[in-house]
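The next block is coords-v2.cif, given as mmCIF, C-alpha atoms and all ligand atoms.
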```cif
data_coords
#
loop_
_atom_site.label_atom_id
_atom_site.label_comp_id
_atom_site.auth_asym_id
_atom_site.auth_seq_id
_atom_site.Cartn_x
_atom_site.Cartn_y
_atom_site.Cartn_z
CA MET O 432 -76.87 -115.53 -0.75
CA GLU O 433 -79.19 -112.59 -1.23
CA THR O 434 -76.23 -110.26 -1.62
CA LEU O 435 -74.84 -112.11 -4.63
CA ASP O 436 -78.30 -112.78 -6.09
CA ARG O 437 -79.09 -109.05 -5.95
CA LEU O 438 -75.74 -108.14 -7.56
CA LEU O 439 -76.27 -110.67 -10.36
CA GLY O 440 -79.83 -109.39 -10.78
CA SER O 441 -78.54 -105.89 -11.22
CA LEU O 442 -75.95 -107.07 -13.77
CA ARG O 443 -78.64 -109.00 -15.66
CA GLU O 444 -80.87 -105.91 -15.83
CA CYS O 445 -77.97 -103.83 -17.03
CA CYS O 446 -76.98 -106.40 -19.71
CA ALA O 447 -80.57 -106.74 -20.94
CA GLU O 448 -80.46 -103.04 -21.81
CA LEU O 449 -77.23 -103.31 -23.83
CA PRO O 450 -77.53 -102.25 -27.46
CA ASP O 451 -77.92 -105.26 -29.75
CA LYS O 452 -76.02 -104.68 -32.98
CA ARG O 453 -77.97 -107.37 -34.86
CA THR O 454 -80.53 -106.22 -37.29
CA GLY O 455 -83.36 -108.61 -37.91
CA LYS O 456 -83.88 -111.86 -36.03
CA ASN O 457 -80.62 -113.59 -36.74
CA GLY O 458 -79.64 -114.63 -33.26
CA HIS O 459 -81.35 -116.35 -30.38
CA TYR O 460 -79.03 -115.19 -27.60
CA GLY O 461 -80.27 -112.16 -25.72
CA MET O 462 -77.77 -109.50 -24.61
CA ALA O 463 -78.40 -110.52 -20.98
CA ASP O 464 -77.05 -114.02 -21.71
CA ILE O 465 -74.09 -112.54 -23.58
CA GLY O 466 -73.10 -110.10 -20.81
CA LEU O 467 -73.60 -112.64 -18.01
CA ALA O 468 -71.64 -115.29 -19.92
CA ALA O 469 -68.63 -112.96 -20.21
CA PHE O 470 -68.92 -111.97 -16.54
CA SER O 471 -69.23 -115.60 -15.35
CA VAL O 472 -65.77 -116.45 -16.73
CA PHE O 473 -64.19 -113.71 -14.57
CA PHE O 474 -66.40 -114.39 -11.57
CA MET O 475 -65.56 -118.13 -11.58
CA GLN O 476 -61.90 -117.28 -12.45
CA SER O 477 -62.12 -119.97 -15.08
CA PRO O 478 -61.57 -119.38 -18.82
CA SER O 479 -63.13 -122.81 -19.49
CA PHE O 480 -66.26 -122.28 -17.32
CA LEU O 481 -68.58 -121.87 -20.33
CA ALA O 482 -67.16 -124.90 -22.15
CA HIS O 483 -67.78 -127.06 -19.05
CA GLN O 484 -71.31 -125.73 -18.71
CA GLN O 485 -72.03 -126.42 -22.40
CA HIS O 486 -70.89 -129.98 -21.77
CA LEU O 487 -73.19 -130.26 -18.71
CA ALA O 488 -76.10 -128.76 -20.64
CA GLN O 489 -75.66 -131.31 -23.43
CA GLY O 490 -75.72 -134.20 -20.97
CA GLN O 491 -78.32 -132.95 -18.50
CA GLY O 492 -80.39 -130.42 -20.35
CA ARG O 493 -79.31 -127.56 -18.08
CA SER O 494 -76.24 -126.12 -16.40
CA ASN O 495 -74.94 -123.84 -13.66
CA CYS O 496 -75.13 -120.95 -16.14
CA GLU O 497 -78.88 -121.25 -15.76
CA THR O 498 -79.13 -121.99 -12.02
CA LEU O 499 -76.36 -119.71 -10.70
CA PHE O 500 -76.19 -116.90 -13.27
CA GLY O 501 -79.81 -116.91 -14.48
CA MET O 502 -78.84 -117.37 -18.12
CA THR O 503 -81.23 -119.02 -20.58
CA ALA O 504 -78.63 -120.28 -23.08
CA ILE O 505 -74.83 -120.40 -23.40
CA PRO O 506 -73.42 -118.36 -26.30
CA SER O 507 -70.04 -119.27 -27.85
CA ASP O 508 -66.86 -117.31 -27.05
CA ASN O 509 -66.71 -115.85 -30.56
CA HIS O 510 -70.31 -114.73 -30.43
CA ILE O 511 -69.78 -113.08 -27.03
CA ARG O 512 -66.75 -111.17 -28.35
CA ALA O 513 -68.54 -110.02 -31.49
CA MET O 514 -71.61 -108.83 -29.57
CA LEU O 515 -69.70 -107.02 -26.79
CA ASP O 516 -67.22 -105.21 -29.05
CA PRO O 517 -69.61 -102.34 -29.96
CA VAL O 518 -70.82 -101.89 -26.36
CA GLY O 519 -69.49 -98.89 -24.41
CA PRO O 520 -67.84 -100.04 -21.14
CA GLU O 521 -69.74 -97.30 -19.24
CA ARG O 522 -72.92 -99.33 -19.80
CA PHE O 523 -71.84 -101.52 -16.86
CA HIS O 524 -71.40 -98.62 -14.44
CA PRO O 525 -74.81 -99.09 -12.74
CA VAL O 526 -73.54 -102.41 -11.34
CA PHE O 527 -70.71 -100.60 -9.49
CA ALA O 528 -73.43 -98.48 -7.88
CA ALA O 529 -75.19 -101.71 -6.87
CA VAL O 530 -71.93 -102.90 -5.26
CA ILE O 531 -71.78 -99.76 -3.09
CA ALA O 532 -75.49 -100.12 -2.26
CA GLU O 533 -74.84 -103.71 -1.04
CA LEU O 534 -71.94 -102.49 1.09
CA GLU O 535 -74.16 -99.83 2.65
CA ARG O 536 -77.04 -102.24 3.15
CA SER O 537 -74.83 -104.78 4.94
CA GLY O 538 -73.15 -102.16 7.14
CA GLY O 539 -69.82 -103.02 5.53
CA LEU O 540 -69.23 -99.43 4.47
CA ALA O 541 -68.83 -98.32 8.11
CA ALA O 542 -65.46 -100.11 8.34
CA PHE O 543 -64.18 -97.90 5.49
CA ARG O 544 -65.01 -94.63 7.31
CA ARG O 545 -61.94 -92.62 8.35
CA LEU O 546 -61.31 -89.12 9.73
CA GLY O 547 -64.85 -89.04 11.04
CA GLU O 548 -67.46 -89.70 8.39
CA HIS O 549 -65.19 -89.65 5.33
CA VAL O 550 -64.33 -92.47 2.94
CA LEU O 551 -61.08 -92.68 0.97
CA ILE O 552 -61.13 -93.17 -2.80
CA ALA O 553 -57.70 -93.85 -4.31
CA LEU O 554 -57.19 -93.03 -8.00
CA ASP O 555 -54.30 -94.38 -10.05
CA GLY O 556 -53.46 -95.24 -13.63
CA THR O 557 -52.46 -98.70 -14.78
CA GLU O 558 -51.70 -100.32 -18.11
CA TYR O 559 -53.53 -103.57 -18.83
CA PHE O 560 -52.68 -104.38 -22.45
CA ARG O 561 -49.74 -103.89 -24.79
CA SER O 562 -49.00 -105.37 -28.16
CA ALA O 563 -46.89 -104.75 -31.24
CA LYS O 564 -49.41 -106.63 -33.40
CA LEU O 565 -52.97 -106.12 -32.17
CA SER O 566 -54.68 -102.76 -32.07
CA CYS O 567 -58.17 -101.25 -32.06
CA ALA O 568 -59.88 -97.88 -32.37
CA ASN O 569 -59.33 -97.24 -28.66
CA CYS O 570 -55.65 -98.18 -28.44
CA SER O 571 -53.11 -95.57 -27.38
CA THR O 572 -49.84 -95.78 -29.28
CA ARG O 573 -46.18 -95.09 -28.60
CA ALA O 574 -42.92 -95.63 -30.41
CA ARG O 575 -40.84 -98.48 -29.17
CA ALA O 576 -37.07 -98.23 -29.27
CA GLY O 577 -35.68 -99.26 -32.64
CA GLU O 578 -35.49 -102.94 -33.39
CA ARG O 579 -33.35 -104.43 -36.07
CA THR O 580 -35.54 -106.11 -38.65
CA SER O 581 -33.80 -107.66 -41.65
CA GLY O 582 -30.76 -105.47 -41.16
CA ALA O 583 -32.51 -102.07 -40.93
CA LEU O 584 -33.05 -100.27 -37.63
CA ARG O 585 -36.72 -99.31 -37.44
CA ASP O 586 -38.86 -97.72 -34.80
CA LYS O 587 -41.91 -99.82 -34.14
CA THR O 588 -45.25 -98.61 -32.94
CA GLU O 589 -46.66 -100.32 -29.89
CA SER O 590 -50.33 -100.24 -28.98
CA PHE O 591 -51.44 -100.18 -25.38
CA HIS O 592 -54.46 -99.69 -23.15
CA SER O 593 -54.47 -98.05 -19.76
CA ALA O 594 -57.11 -96.83 -17.36
CA VAL O 595 -57.56 -94.78 -14.23
CA ILE O 596 -58.78 -97.22 -11.61
CA ALA O 597 -60.64 -95.98 -8.55
CA ALA O 598 -60.96 -97.99 -5.35
CA LEU O 599 -62.38 -97.53 -1.90
CA VAL O 600 -59.48 -98.10 0.54
CA ALA O 601 -58.84 -97.57 4.24
CA PRO O 602 -55.69 -97.86 6.36
CA GLY O 603 -55.92 -100.98 8.52
CA HIS O 604 -58.68 -102.52 6.37
CA ALA O 605 -57.72 -105.67 4.50
CA ARG O 606 -60.07 -105.17 1.54
CA VAL O 607 -60.37 -102.70 -1.31
CA VAL O 608 -63.52 -102.12 -3.36
CA PRO O 609 -62.94 -101.21 -7.02
CA LEU O 610 -65.24 -98.54 -8.45
CA GLU O 611 -65.96 -97.51 -12.07
CA PRO O 612 -62.82 -97.33 -14.25
CA GLU O 613 -62.11 -94.50 -16.67
CA PHE O 614 -60.24 -95.60 -19.78
CA ILE O 615 -57.33 -93.63 -21.17
CA GLY O 616 -57.53 -93.52 -24.96
CA PRO O 617 -58.31 -91.38 -27.99
CA GLN O 618 -61.15 -88.97 -27.15
CA ASP O 619 -63.55 -87.53 -29.72
CA GLY O 620 -62.54 -84.01 -30.71
CA ALA O 621 -59.29 -84.01 -28.70
CA ALA O 622 -56.11 -82.98 -30.52
CA LYS O 623 -53.65 -84.29 -27.94
CA GLN O 624 -53.16 -87.90 -26.90
CA ASP O 625 -55.18 -88.65 -23.78
CA CYS O 626 -53.39 -88.89 -20.43
CA GLU O 627 -53.94 -90.04 -16.86
CA SER O 628 -54.61 -86.55 -15.51
CA ARG O 629 -57.35 -85.89 -18.09
CA ALA O 630 -58.89 -89.31 -17.51
CA ALA O 631 -58.88 -88.66 -13.74
CA ARG O 632 -60.71 -85.37 -14.31
CA ARG O 633 -63.26 -87.16 -16.52
CA TRP O 634 -63.71 -89.72 -13.72
CA LEU O 635 -64.34 -86.94 -11.21
CA ALA O 636 -66.82 -85.15 -13.48
CA ALA O 637 -68.70 -88.40 -14.23
CA HIS O 638 -68.80 -89.96 -10.75
CA GLY O 639 -67.65 -87.35 -8.22
CA PRO O 640 -71.09 -85.75 -7.72
CA ARG O 641 -72.67 -89.16 -7.05
CA TYR O 642 -70.01 -90.15 -4.50
CA ALA O 643 -70.16 -86.72 -2.81
CA ARG O 644 -72.78 -88.03 -0.35
CA LEU O 645 -70.08 -90.38 1.06
CA ALA O 646 -67.86 -87.35 1.85
CA PRO O 647 -64.94 -88.79 -0.13
CA ILE O 648 -61.31 -87.84 0.27
CA TYR O 649 -59.47 -88.62 -2.98
CA LEU O 650 -55.98 -90.10 -2.72
CA GLY O 651 -53.40 -90.04 -5.49
CA ASP O 652 -49.70 -89.89 -6.24
CA ASP O 653 -47.69 -86.76 -7.09
CA LEU O 654 -49.25 -86.59 -10.57
CA TYR O 655 -52.57 -85.70 -8.91
CA SER O 656 -51.35 -82.89 -6.63
CA ARG O 657 -51.47 -80.37 -9.48
CA GLN O 658 -53.96 -77.56 -9.63
CA PRO O 659 -56.27 -78.93 -12.38
CA VAL O 660 -56.95 -82.21 -10.54
CA CYS O 661 -57.22 -80.56 -7.09
CA ALA O 662 -59.69 -78.02 -8.51
CA ALA O 663 -61.67 -80.82 -10.21
CA VAL O 664 -61.99 -82.63 -6.86
CA LEU O 665 -63.25 -79.49 -5.10
CA ALA O 666 -65.74 -78.87 -7.92
CA THR O 667 -67.40 -82.24 -7.20
CA GLY O 668 -67.79 -81.46 -3.49
CA GLY O 669 -65.03 -83.88 -2.46
CA HIS O 670 -61.69 -83.45 -0.68
CA PHE O 671 -58.14 -84.32 -1.72
CA LEU O 672 -55.13 -85.75 0.06
CA PHE O 673 -52.45 -86.16 -2.59
CA VAL O 674 -48.77 -87.02 -2.38
CA CYS O 675 -46.76 -83.84 -3.00
CA LYS O 676 -43.09 -84.27 -3.90
CA PRO O 677 -40.77 -81.31 -3.21
CA ASP O 678 -39.19 -81.46 -6.70
CA SER O 679 -42.47 -81.06 -8.55
CA HIS O 680 -43.78 -78.23 -6.34
CA PRO O 681 -40.93 -75.67 -6.21
CA THR O 682 -43.16 -72.73 -5.21
CA LEU O 683 -44.65 -74.61 -2.30
CA GLN O 684 -41.19 -75.86 -1.31
CA GLU O 685 -39.81 -72.32 -1.32
CA TYR O 686 -42.76 -71.17 0.79
CA LEU O 687 -41.99 -73.86 3.39
CA THR O 688 -38.32 -72.96 3.64
CA GLY O 689 -37.33 -70.99 6.71
CA ILE O 690 -40.71 -71.31 8.43
CA GLU O 691 -40.85 -72.83 11.89
CA LEU O 692 -43.37 -75.61 11.23
CA PRO O 693 -45.70 -77.00 13.90
CA GLU O 694 -44.58 -80.50 14.88
CA HIS O 695 -46.25 -83.54 16.43
CA VAL O 696 -44.25 -86.57 17.55
CA GLU O 697 -45.48 -90.09 18.35
CA ARG O 698 -43.53 -93.18 19.37
CA HIS O 699 -44.60 -96.56 18.00
CA LYS O 700 -43.24 -100.03 18.70
CA HIS O 701 -42.41 -102.21 15.69
CA GLY O 702 -41.78 -105.54 17.39
CA ARG O 703 -39.32 -104.72 20.19
CA GLU O 704 -37.96 -101.55 18.59
CA ARG O 705 -39.27 -98.04 19.11
CA PHE O 706 -39.70 -95.81 16.09
CA VAL O 707 -40.30 -92.07 16.16
CA TYR O 708 -43.06 -90.71 13.91
CA ARG O 709 -42.51 -87.03 13.30
CA TYR O 710 -45.29 -85.00 11.65
CA ARG O 711 -45.06 -81.40 10.44
CA TRP O 712 -47.67 -79.25 8.75
CA LEU O 713 -48.50 -75.83 7.44
CA ALA O 714 -51.84 -74.22 6.66
CA ALA O 715 -52.64 -72.00 3.67
CA ALA O 716 -49.69 -72.45 1.32
CA PRO O 717 -49.83 -71.77 -2.46
CA LEU O 718 -49.96 -74.96 -4.57
CA ARG O 719 -48.12 -73.29 -7.44
CA ASP O 720 -46.82 -70.00 -8.79
CA GLY O 721 -49.23 -67.32 -9.99
CA LYS O 722 -52.18 -65.32 -8.71
CA ASP O 723 -54.78 -68.02 -9.31
CA ALA O 724 -52.83 -70.60 -7.29
CA LEU O 725 -55.01 -72.77 -5.09
CA THR O 726 -54.35 -72.41 -1.35
CA VAL O 727 -53.70 -75.80 0.23
CA ASN O 728 -52.63 -77.30 3.54
CA TRP O 729 -49.38 -79.24 3.59
CA LEU O 730 -48.23 -82.07 5.88
CA SER O 731 -45.26 -84.41 6.12
CA ILE O 732 -44.38 -87.61 7.95
CA GLU O 733 -40.95 -88.96 8.82
CA ILE O 734 -40.32 -92.30 10.47
CA VAL O 735 -37.02 -92.56 12.35
CA ASN O 736 -35.58 -95.89 13.49
CA PRO O 737 -33.86 -96.45 16.86
CA ALA O 738 -30.48 -95.69 15.24
CA GLY O 739 -31.74 -92.21 14.29
CA LYS O 740 -32.02 -92.98 10.55
CA VAL O 741 -35.08 -91.78 8.59
CA THR O 742 -36.63 -94.95 7.11
CA TYR O 743 -39.70 -93.33 5.53
CA ARG O 744 -40.56 -89.82 4.45
CA ASN O 745 -43.53 -88.48 2.53
CA SER O 746 -45.48 -85.27 2.15
CA PHE O 747 -49.04 -84.47 1.10
CA VAL O 748 -51.32 -81.56 0.23
CA THR O 749 -54.96 -81.42 1.24
CA ASP O 750 -57.89 -79.03 1.51
CA LEU O 751 -58.75 -80.49 4.95
CA ALA O 752 -57.77 -78.64 8.11
CA ILE O 753 -54.72 -80.03 9.92
CA ASP O 754 -53.84 -79.86 13.59
CA ALA O 755 -51.93 -81.92 16.14
CA SER O 756 -54.98 -84.12 16.77
CA THR O 757 -55.58 -85.05 13.09
CA VAL O 758 -52.15 -84.95 11.43
CA ALA O 759 -51.25 -88.59 12.22
CA GLU O 760 -54.53 -89.96 10.85
CA LEU O 761 -54.28 -87.72 7.78
CA ALA O 762 -50.80 -89.09 7.06
CA ALA O 763 -52.02 -92.69 7.58
CA CYS O 764 -54.88 -92.06 5.13
CA GLY O 765 -52.54 -90.45 2.58
CA ARG O 766 -50.25 -93.47 2.83
CA ALA O 767 -53.20 -95.84 2.21
CA ARG O 768 -52.82 -94.81 -1.44
CA TRP O 769 -50.34 -97.68 -1.85
CA LYS O 770 -53.27 -100.07 -1.44
CA ILE O 771 -54.38 -99.33 -4.99
CA GLU O 772 -51.04 -100.60 -6.27
CA ASN O 773 -50.42 -103.45 -3.84
CA GLU O 774 -53.90 -104.67 -3.07
CA THR O 775 -55.76 -103.68 -6.24
CA PHE O 776 -53.46 -103.79 -9.29
CA ASN O 777 -51.38 -106.60 -7.84
CA VAL O 778 -54.46 -108.72 -7.10
CA LEU O 779 -55.99 -107.94 -10.51
CA LYS O 780 -52.79 -108.84 -12.34
CA THR O 781 -51.43 -111.78 -10.37
CA LYS O 782 -54.16 -113.29 -8.17
CA GLY O 783 -56.54 -115.09 -10.52
CA TYR O 784 -58.05 -112.14 -12.44
CA HIS O 785 -55.22 -111.90 -15.04
CA LEU O 786 -56.13 -108.31 -15.92
CA GLU O 787 -53.21 -108.08 -18.35
CA HIS O 788 -54.17 -111.26 -20.21
CA ASN O 789 -55.67 -110.66 -23.64
CA PHE O 790 -59.14 -112.22 -23.29
CA GLY O 791 -60.10 -110.68 -26.64
CA HIS O 792 -59.23 -107.34 -28.20
CA GLY O 793 -61.88 -106.53 -30.79
CA ARG O 794 -62.00 -103.52 -33.11
CA ASP O 795 -63.71 -101.04 -30.77
CA ASN O 796 -64.47 -101.61 -27.11
CA LEU O 797 -63.99 -105.30 -26.40
CA ALA O 798 -60.71 -104.93 -24.45
CA ALA O 799 -62.24 -102.22 -22.23
CA VAL O 800 -65.55 -104.10 -21.77
CA LEU O 801 -63.75 -107.27 -20.64
CA ALA O 802 -61.48 -105.28 -18.28
CA THR O 803 -64.61 -103.65 -16.80
CA LEU O 804 -66.30 -107.03 -16.25
CA ASN O 805 -63.10 -108.33 -14.65
CA LEU O 806 -63.05 -105.36 -12.22
CA LEU O 807 -66.73 -105.94 -11.54
CA ALA O 808 -66.04 -109.59 -10.67
CA PHE O 809 -63.37 -108.40 -8.20
CA ALA O 810 -65.84 -105.88 -6.72
CA CYS O 811 -68.56 -108.55 -6.33
CA HIS O 812 -66.08 -110.99 -4.71
CA THR O 813 -65.09 -108.26 -2.24
CA VAL O 814 -68.70 -107.54 -1.28
CA CYS O 815 -69.28 -111.29 -0.76
CA ASP O 816 -66.10 -111.42 1.38
CA LEU O 817 -67.47 -108.59 3.52
CA ALA O 818 -71.20 -109.19 3.57
CA ALA O 819 -72.27 -112.75 2.58
CA VAL O 820 -72.23 -115.26 5.43
CA ALA O 821 -72.38 -118.45 3.30
CA TRP O 822 -69.49 -117.14 1.16
CA GLN O 823 -67.45 -116.31 4.28
CA GLN O 824 -68.08 -119.82 5.70
CA ALA O 825 -66.99 -121.50 2.46
CA MET O 826 -63.90 -119.28 2.27
CA ALA O 827 -63.04 -120.08 5.92
CA THR O 828 -63.35 -123.85 5.32
CA LEU O 829 -61.15 -123.81 2.23
CA GLY O 830 -58.62 -121.48 3.85
CA ARG O 831 -56.90 -120.13 0.80
CA ARG O 832 -58.52 -118.06 -1.93
CA THR O 833 -56.88 -120.08 -4.69
CA ARG O 834 -58.28 -123.28 -3.15
CA PHE O 835 -61.74 -121.74 -2.87
CA PHE O 836 -61.81 -120.94 -6.59
CA GLU O 837 -60.22 -124.28 -7.58
CA THR O 838 -62.97 -126.11 -5.68
CA LEU O 839 -65.67 -123.82 -7.11
CA ARG O 840 -64.39 -124.61 -10.62
CA SER O 841 -64.11 -128.35 -10.20
CA LEU O 842 -67.48 -128.86 -8.45
CA THR O 843 -69.41 -126.78 -10.97
CA GLY O 844 -67.73 -128.65 -13.82
CA TYR O 845 -69.49 -131.89 -12.84
CA MET O 846 -72.58 -131.02 -10.81
CA ILE O 847 -75.45 -128.63 -11.18
CA PHE O 848 -76.25 -126.59 -8.09
CA PRO O 849 -79.79 -125.20 -7.79
CA SER O 850 -78.52 -122.02 -6.09
CA TRP O 851 -75.42 -120.23 -4.80
CA LEU O 852 -76.44 -121.15 -1.27
CA ASP O 853 -76.42 -124.88 -2.16
CA LEU O 854 -73.03 -124.53 -3.82
CA LEU O 855 -71.44 -122.57 -0.96
CA GLU O 856 -72.86 -124.89 1.70
CA THR O 857 -71.37 -127.84 -0.16
CA LEU O 858 -68.03 -126.01 -0.08
CA ALA O 859 -68.34 -124.97 3.57
CA PHE O 860 -69.77 -128.13 5.17
CA ALA O 861 -69.06 -130.84 2.57
CA ARG O 862 -72.84 -131.14 2.44
CA PRO O 863 -73.92 -132.89 -0.77
CA PRO O 864 -76.06 -130.80 -3.09
CA PRO O 865 -79.83 -131.52 -3.11
CA PRO O 866 -80.64 -134.79 -4.95
CA ALA O 867 -82.26 -132.97 -7.85
CA ALA O 868 -78.86 -131.55 -8.63
CA LEU O 869 -77.10 -134.88 -9.03
ZN ZN Y 1 -56.91 -101.57 -28.48
#
```
Give the structure from the file, written as structure tokens.
Amino acid sequence: METLDRLLGSLRECCAELPDKRTGKNGHYGMADIGLAAFSVFFMQSPSFLAHQQHLAQGQGRSNCETLFGMTAIPSDNHIRAMLDPVGPERFHPVFAAVIAELERSGGLAAFRRLGEHVLIALDGTEYFRSAKLSCANCSTRARAGERTSGALRDKTESFHSAVIAALVAPGHARVVPLEPEFIGPQDGAAKQDCESRAARRWLAAHGPRYARLAPIYLGDDLYSRQPVCAAVLATGGHFLFVCKPDSHPTLQEYLTGIELPEHVERHKHGRERFVYRYRWLAAAPLRDGKDALTVNWLSIEIVNPAGKVTYRNSFVTDLAIDASTVAELAACGRARWKIENETFNVLKTKGYHLEHNFGHGRDNLAAVLATLNLLAFACHTVCDLAAVAWQQAMATLGRRTRFFETLRSLTGYMIFPSWLDLLETLAFARPPPPAAL
């Protein structure tokens, strides 16, 4: 389990460097223990993991926090929350870089390459917290429709948190790899309320240059196919392939009208039925009105069922060249954007990570720090799924993901495993842990 050990090592290093708000020597828990403790709850998908390990440590003098996560002591939930609240969530970004390094090292990145040597990075905004009662310095706010309280109709203010999430995706690949998030919230010195487009541009400025070596093509919905975001992508040395709706791009739409567009047609079988895939494209069209408009290439896809009815239609803009030999793959890549909703947000919210659950809100950064650690747990699981043999064997034996985590939780609640390899081999082969562990 070198993959996981290296990832945890990188997280430990990163946590050890976190600013410690305590003045004087009034605490014996180091920041490494505090950061790893918070992460372990998400990684084990078990809110009670630390309580079980405290119980084990009382009875046996040590616990899986020590053997699996390299912690020296187990801080309490309240202490963890208090210590992580002042920490900026960007402090954990180096671990996302370690995730990509593990993918490259294992050769797992190759399966994400599309359109030659490119990778696809989907960007999308999602809300992960809302409350009428709790709020912090980094909450965004909005008015909620009037509610009748004691007879009077009053508008209530609702607090919420959202973020632009980035993920490595690829059509035909079952996994997604979450990258650094960028939180949407009040920004120092900004007069207007923050928004997804601004957060996406901050993401690109902060991380785009580093990812440029992977030749990324950024994917996004219609909100992204506006000049400021397209220009921000190009400025980082990346490419874009964004959904472009006719209604929101009237100039481009007008430009397309009356032109005989090049067309490419393919026929694909869905079961026993044949569907027609019709692609059209146009090079060098203006993205918007005005002299400074960016020149983009446009493409569309239509899927027609055997009865002649269009069952799917979408269009995109890109800076990449389009011709009959690439248009189908470009459209497939553009459509892979849905993976950030279906296979990233959906997994994070409904498949064991409970991204929208309030694990602790804090006064400053706690909500964002915990969301970042949750994303990081998802990223580490994905790398293990793709690159760690013992993990893959255990997952194959247990069949379902939920069963894998259930078993992980129950075994570690009663027994101490000297290493991840011992734990995963027990899961995979029903091999008892080494005697020292019993
Ligand atoms: Zn808040």
Could you please extract the residues within 6 Å of ligand ZN 1 (chain Y), counting only C-alpha atoms and all ligand atoms, and hand them back as a compact mmCIF listing (two decimals) with C-alpha atoms, in the frame of the given file?
```txt
# COMPACT_ATOMS: atom_id res chain seq x y z
CA SER O 566 -54.68 -102.76 -32.07
CA CYS O 567 -58.17 -101.25 -32.06
CA ASN O 569 -59.33 -97.24 -28.66
CA CYS O 570 -55.65 -98.18 -28.44
```
- Query: So which one's closest to Ala488 (chain O), O:Tyr460, O:Leu725, O:Ile505, O:Cys626? Using only C-alpha atoms, please.
  - Reply: O:Ile505
- Message: Env of region 807-820 of chain O: 10 Å cut, atoms = only C-alpha atoms, seq-sep filter 5 positions within chain, self excluded. Answer as a ChimeraX atom specification.
- Response: /O:432-435,438-439,442,470-476,523-524,526-527,529-531,533-540,542,598,606-612,775,778-779,783-784,801-802,825-826,852,855
- Task: State, in Å with one decimal place, the distance from CA of Gly440 (chain O) to CA of Val518 (chain O).
- Result: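 Interatomic distance, CA of Gly440 (chain O) to CA of Val518 (chain O): 19.5 Å.
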- Note on the structure: re CA of Trp822 (chain O) and CA of Gly844 (chain O): distance 19.0 Å
- Residue contacts of Asp678 (chain O) (12 Å, all atoms listed in the file) excluding same-chain residues fewer than 5 positions away, as an MDAnalysis selection string: chainID O and resid 653:654 683:685 746
- Query: What gap, in Å, lies between CA of Gly793 (chain O) and CA of Cys446 (chain O)?
  - Reply: 18.7 Å
- Please provide the set of residues having any atom within 10 Å of Leu635 (chain O), restricted to all atoms listed in the file, with same-chain residues fewer than 2 positions apart removed, written as a list in words. Leu554, Glu613, Arg629, Ala630, Ala631, Arg632, Arg633, Ala637, His638, Gly639, Pro640, Arg641, Tyr642, Tyr649, Val660, Ala663, Val664, Leu665, Ala666, Thr667 and Gly669 of chain O
- Item | Counting all atoms listed in the file, the option among O:Thr682, O:Thr781, O:Ser477, O:Asn745 closest to Asp720 (chain O) |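 Under the stated criterion, the closest residue is O:Thr682.
Between Arg644 (chain O) and the candidates O:Lys452, O:His549, O:Arg831, O:Lys782, the tightest atom-to-atom separation, counting all atoms listed in the file, involves O:His549.
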- Query: Pick the closest to Arg709 (chain O) from O:Leu730, O:Ala504, O:Leu806, O:Ile771: which is it, counting all atoms listed in the file?
  - Reply: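 Going through O:Leu730, O:Ala504, O:Leu806, O:Ile771 one by one, the smallest distance to Arg709 (chain O) is for O:Leu730.
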- Taking into account only C-alpha atoms, which residue in the set O:Phe860, O:Phe836, O:Phe543, O:Tyr559 is nearest to Ile648 (chain O)?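 Ranking O:Phe860, O:Phe836, O:Phe543, O:Tyr559 by distance to Ile648 (chain O), first place goes to O:Phe543.
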- Message: Residues near region 482-484 of chain O, anyone? I mean within 10 Å using all atoms listed in the file, not counting same-chain ones fewer than 4 positions away, as a list in words.
- Response: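 Answer for this query is Ser477, Pro478, Ala488, Gln489, Gly490, Arg493, Ser494, Asn495, Cys496, Glu497, Ile505, Pro506, Ser507, Asp508, Arg840, Ser841, Thr843, Gly844, Tyr845, Met846 and Ile847 of chain O.
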- Message: So that I can see what lies close to Asp625 (chain O), please list as a ChimeraX atom specification the residues with an atom at most 10 Å from it, counting all atoms listed in the file and leaving out residues fewer than 6 positions away in the same chain.
- Response: /O:571,614-618
- Task: Check the smallest atom-to-atom distance from each of O:Pro677, O:Pro717, O:Pro737, O:Pro849 to Asp750 (chain O) using only C-alpha atoms, then report the winner.
- Result: O:Pro717
